[in-house]
$ cat upload_39.cif   # mmCIF, C-alpha atoms
data_coords
loop_
_atom_site.label_atom_id
_atom_site.label_comp_id
_atom_site.auth_asym_id
_atom_site.auth_seq_id
_atom_site.Cartn_x
_atom_site.Cartn_y
_atom_site.Cartn_z
CA MET M 1 108.93 105.71 120.37
CA ASP M 2 111.95 107.05 118.52
CA LYS M 3 113.79 105.24 115.73
CA ASN M 4 116.41 103.72 118.07
CA GLU M 5 113.68 102.25 120.27
CA PHE M 6 111.87 101.00 117.18
CA PHE M 7 114.87 99.14 115.79
CA HIS M 8 115.72 97.82 119.24
CA SER M 9 112.18 96.38 119.41
CA LEU M 10 112.92 94.52 116.16
CA GLU M 11 115.88 92.62 117.62
CA GLU M 12 113.73 89.55 118.22
CA ILE M 13 112.95 89.46 114.49
CA VAL M 14 116.67 89.48 113.68
CA VAL M 15 117.25 86.30 115.71
CA ASP M 16 113.88 84.53 115.23
CA PRO M 17 114.27 80.87 114.31
CA LEU M 18 113.59 79.98 110.72
CA PHE M 19 111.30 77.09 109.75
CA ILE M 20 113.05 75.11 107.02
CA GLY M 21 110.94 72.43 105.38
CA GLU M 22 112.19 69.15 104.04
CA SER M 23 110.31 69.09 100.73
CA LEU M 24 108.06 71.05 98.40
CA GLN M 25 105.09 69.85 100.49
CA ASP M 26 106.36 72.06 103.35
CA LEU M 27 106.27 75.25 101.27
CA ALA M 28 102.93 76.46 102.67
CA GLU M 29 104.18 75.91 106.22
CA GLU M 30 107.37 77.82 105.41
CA THR M 31 105.32 80.69 104.01
CA THR M 32 103.17 80.81 107.14
CA ASN M 33 105.98 80.46 109.68
CA ASN M 34 108.60 82.64 107.99
CA THR M 35 106.65 85.84 107.40
CA TRP M 36 107.49 88.95 109.41
CA SER M 37 105.98 92.42 109.11
CA MET M 38 106.65 95.88 110.46
CA SER M 39 104.56 98.99 110.65
CA ILE M 40 105.47 102.49 111.75
CA SER M 41 103.72 105.70 112.65
CA LYS M 42 103.74 108.66 110.29
CA GLU M 43 105.93 110.52 112.79
CA LEU M 44 108.45 107.67 112.94
CA ALA M 45 108.54 107.52 109.13
CA THR M 46 110.00 111.04 109.14
CA GLU M 47 112.84 109.98 111.51
CA ILE M 48 113.87 106.77 109.76
CA VAL M 49 116.10 106.85 106.69
CA VAL M 50 116.44 104.13 104.06
CA GLU M 51 119.85 103.09 105.37
CA ASP M 52 118.32 102.25 108.77
CA PHE M 53 116.15 99.59 107.16
CA ILE M 54 118.93 98.39 104.86
CA ASP M 55 121.15 97.84 107.92
CA PHE M 56 118.31 96.00 109.66
CA PHE M 57 117.70 93.72 106.66
CA GLN M 58 121.44 93.05 106.29
CA ARG M 59 121.48 91.80 109.89
CA VAL M 60 118.41 89.66 109.27
CA MET M 61 119.98 88.16 106.12
CA THR M 62 123.22 87.39 107.98
CA ASN M 63 121.27 85.57 110.69
CA ARG M 64 119.15 83.65 108.18
CA ARG M 65 122.23 82.69 106.15
CA GLU M 66 123.79 81.22 109.31
CA GLN M 67 120.60 79.30 110.07
CA ILE M 68 120.39 77.95 106.51
CA ARG M 69 124.04 76.89 106.47
CA SER M 70 123.66 74.99 109.73
CA SER M 71 120.51 73.20 108.50
CA ASN M 72 120.00 70.10 106.35
CA ASN M 73 118.56 72.23 103.54
CA LEU M 74 120.52 71.59 100.35
CA ASP M 75 118.61 74.02 98.12
CA GLY M 76 119.07 77.38 99.82
CA MET M 77 116.19 79.76 100.41
CA LEU M 78 114.57 82.75 98.77
CA PHE M 79 114.50 85.89 100.90
CA TYR M 80 111.96 88.41 99.64
CA ILE M 81 110.67 91.78 100.82
CA TRP M 82 107.66 93.82 99.72
CA PHE M 83 105.59 96.79 100.82
CA ASP M 84 101.96 95.88 101.49
CA TRP M 85 100.20 99.23 101.19
CA GLN M 86 96.81 97.81 102.25
CA SER M 87 98.21 97.03 105.71
CA ALA M 88 100.82 99.85 105.60
CA GLN M 89 103.49 97.26 106.44
CA ILE M 90 106.82 96.24 105.04
CA LYS M 91 106.94 92.46 105.01
CA PHE M 92 109.50 89.79 104.35
CA ASN M 93 109.59 86.04 104.05
CA LEU M 94 111.87 83.10 103.35
CA ILE M 95 110.91 79.94 101.49
CA SER M 96 113.01 77.06 100.20
CA ASP M 97 114.19 77.48 96.64
CA TYR M 98 112.35 74.75 94.73
CA ASP M 99 112.08 76.78 91.51
CA THR M 100 108.50 77.69 92.33
CA ALA M 101 106.78 81.02 91.94
CA LEU M 102 106.62 83.33 94.92
CA PRO M 103 103.30 82.91 96.74
CA PHE M 104 101.47 86.05 95.63
CA GLY M 105 98.00 86.21 94.16
CA CYS M 106 98.84 89.22 92.02
CA GLU M 107 101.24 90.23 89.30
CA ILE M 108 104.73 90.86 90.70
CA GLU M 109 107.87 92.55 89.48
CA ILE M 110 111.07 91.04 90.86
CA THR M 111 113.84 93.50 91.65
CA ASN M 112 117.32 93.24 93.10
CA LYS M 113 117.05 96.76 94.51
CA LEU M 114 115.73 97.07 98.05
CA LYS M 115 115.98 100.85 98.31
CA PRO M 116 112.88 101.71 96.18
CA ILE M 117 110.69 99.39 98.26
CA ILE M 118 111.84 100.97 101.50
CA GLU M 119 111.43 104.47 100.04
CA GLU M 120 107.85 103.68 99.02
CA PHE M 121 107.15 102.39 102.54
CA LEU M 122 108.63 105.47 104.23
CA ARG M 123 106.80 107.91 101.90
CA PHE M 124 103.43 106.21 102.36
CA PRO M 125 101.01 108.90 103.65
CA TYR M 126 98.68 106.57 105.60
CA HIS M 127 100.91 104.97 108.26
CA ASP M 128 98.42 106.10 110.90
CA GLY M 129 95.45 104.71 108.97
CA PHE M 130 93.34 105.62 105.97
CA PRO M 131 91.08 108.63 106.50
CA PHE M 132 87.42 107.65 106.49
CA GLU M 133 86.75 110.09 103.65
CA GLU M 134 89.11 108.05 101.43
CA VAL M 135 86.96 104.92 101.79
CA ARG M 136 83.69 104.96 99.88
CA ASP M 137 81.05 102.38 99.11
CA ASP M 138 81.52 102.82 95.36
CA ASP M 139 85.27 102.07 95.61
CA GLU M 140 84.56 98.35 95.16
CA GLN M 141 82.74 98.97 91.89
CA ILE M 142 85.51 101.27 90.66
CA GLU M 143 88.20 98.71 91.52
CA GLU M 144 86.67 96.14 89.18
CA GLY M 145 87.48 98.27 86.14
CA VAL M 146 90.92 99.40 87.30
CA LYS M 147 94.09 97.60 86.30
CA ARG M 148 95.93 96.56 89.44
CA GLU M 149 99.44 97.82 89.97
CA THR M 150 102.28 95.35 89.85
CA LEU M 151 103.71 94.53 93.26
CA LYS M 152 107.46 95.18 93.46
CA VAL M 153 109.28 92.42 95.34
CA PHE M 154 112.94 92.46 96.33
CA LEU M 155 114.34 88.95 95.90
CA PHE M 156 117.64 87.54 97.13
CA LYS M 157 118.69 83.90 97.05
CA ILE M 158 120.55 82.73 100.14
CA ASN M 159 122.65 79.74 99.13
CA ARG M 160 123.62 77.01 101.50
#
$ encode --input "upload_39.cif" --output "structure tokens"
Amino acid sequence: MDKNEFFHSLEEIVVDPLFIGESLQDLAEETTNNTWSMSISKELATEIVVEDFIDFFQRVMTNRREQIRSSNNLDGMLFYIWFDWQSAQIKFNLISDYDTALPFGCEIEITNKLKPIIEEFLRFPYHDGFPFEEVRDDDEQIEEGVKRETLKVFLFKINR
């Protein structure tokens, strides 16, 4: 699959319907229903440039903005993107803006710059999987004493 075929395969994500809750009680359902993820091969990562993903996300944001504006949601929504290195995927989500924290179980750093997140995703050396030699039984014990890195999250508020 080349990069054109890859982005063509993502067209359904661009137009996917958004679940917009009616209250704070629907936040978990929004999180579940409005999460999308993408993975690529190491070979494809060498073909794709940052601007390809920026164009893709611009199209997604335009579609989501239209969906939000035609909904009954008065609060707008938070559109956020992050690179999940454990799954080697770039992910994004939308939740209603109820002045709540983003649903992560780790320390996060909010940024208004998407480019560094995409660059980190494209440079990731393990798109085709982690080599077995990299995974060791004692890694779990080592992890306990290691300070976890802060997760960088691109955040953009889409107003109604």
$ residues_around --input "upload_39.cif" --residues "M:Ile110" --least-positions-apart "5" --cutoff "9 Å" --atoms "all atoms listed in the file" --output "list in words"
Leu151, Lys152, Val153, Phe154 and Leu155 of chain M
$ write_last_selection --input "upload_39.cif" --atoms "C-alpha atoms" --output "PDB file, in the frame of the given file"
ATOM      1  CA  LEU M 151     103.710  94.530  93.260  1.00  0.00           C
ATOM      2  CA  LYS M 152     107.460  95.180  93.460  1.00  0.00           C
ATOM      3  CA  VAL M 153     109.280  92.420  95.340  1.00  0.00           C
ATOM      4  CA  PHE M 154     112.940  92.460  96.330  1.00  0.00           C
ATOM      5  CA  LEU M 155     114.340  88.950  95.900  1.00  0.00           C
TER       6      LEU M 155
END
$ residues_around --input "upload_39.cif" --residues "stretch 89-97 of chain M" --least-positions-apart "4" --cutoff "6 Å" --atoms "all atoms listed in the file" --output "MDAnalysis selection string"
chainID M and resid 30 34:39 75:84
$ closest_residue --input "upload_39.cif" --among "M:Asp26, M:Asp128, M:Glu149, M:Glu66" --to "M:Cys106" --atoms "all atoms listed in the file"
M:Glu149
$ resolve_selection --input "upload_39.cif" --expression "the PyMOL selection byres ((chain M and resi 44-55) around 7)" --output "list of chain:residue names"
M:Asp2, M:Lys3, M:Ile40, M:Ser41, M:Lys42, M:Glu43, M:Phe56, M:Phe57, M:Gln58, M:Arg59, M:Lys115, M:Ile118, M:Glu119, M:Leu122
$ atom_distance --input "upload_39.cif" --atom1 "atom CA of M:Val14" --atom2 "atom CA of M:Val60"
4.7 Å
$ closest_residue --input "upload_39.cif" --among "M:Pro125, M:Val15, M:Ala28, M:Pro116" --to "M:Leu102" --atoms "all atoms listed in the file"
M:Ala28
$ atom_distance --input "upload_39.cif" --atom1 "atom CA of M:Glu12" --atom2 "atom CA of M:Thr31"
18.7 Å
$ atom_distance --input "upload_39.cif" --atom1 "atom CA of M:Trp85" --atom2 "atom CA of M:Arg64"
25.5 Å
$ axis_aligned_box --input "upload_39.cif" --around "stretch 85-99 of chain M" --padding-each-side "8 Å" --output "AutoDock Vina command-line options"
--center_x 105.5 --center_y 87.3 --center_z 99.0 --size_x 33.4 --size_y 41.1 --size_z 30.9
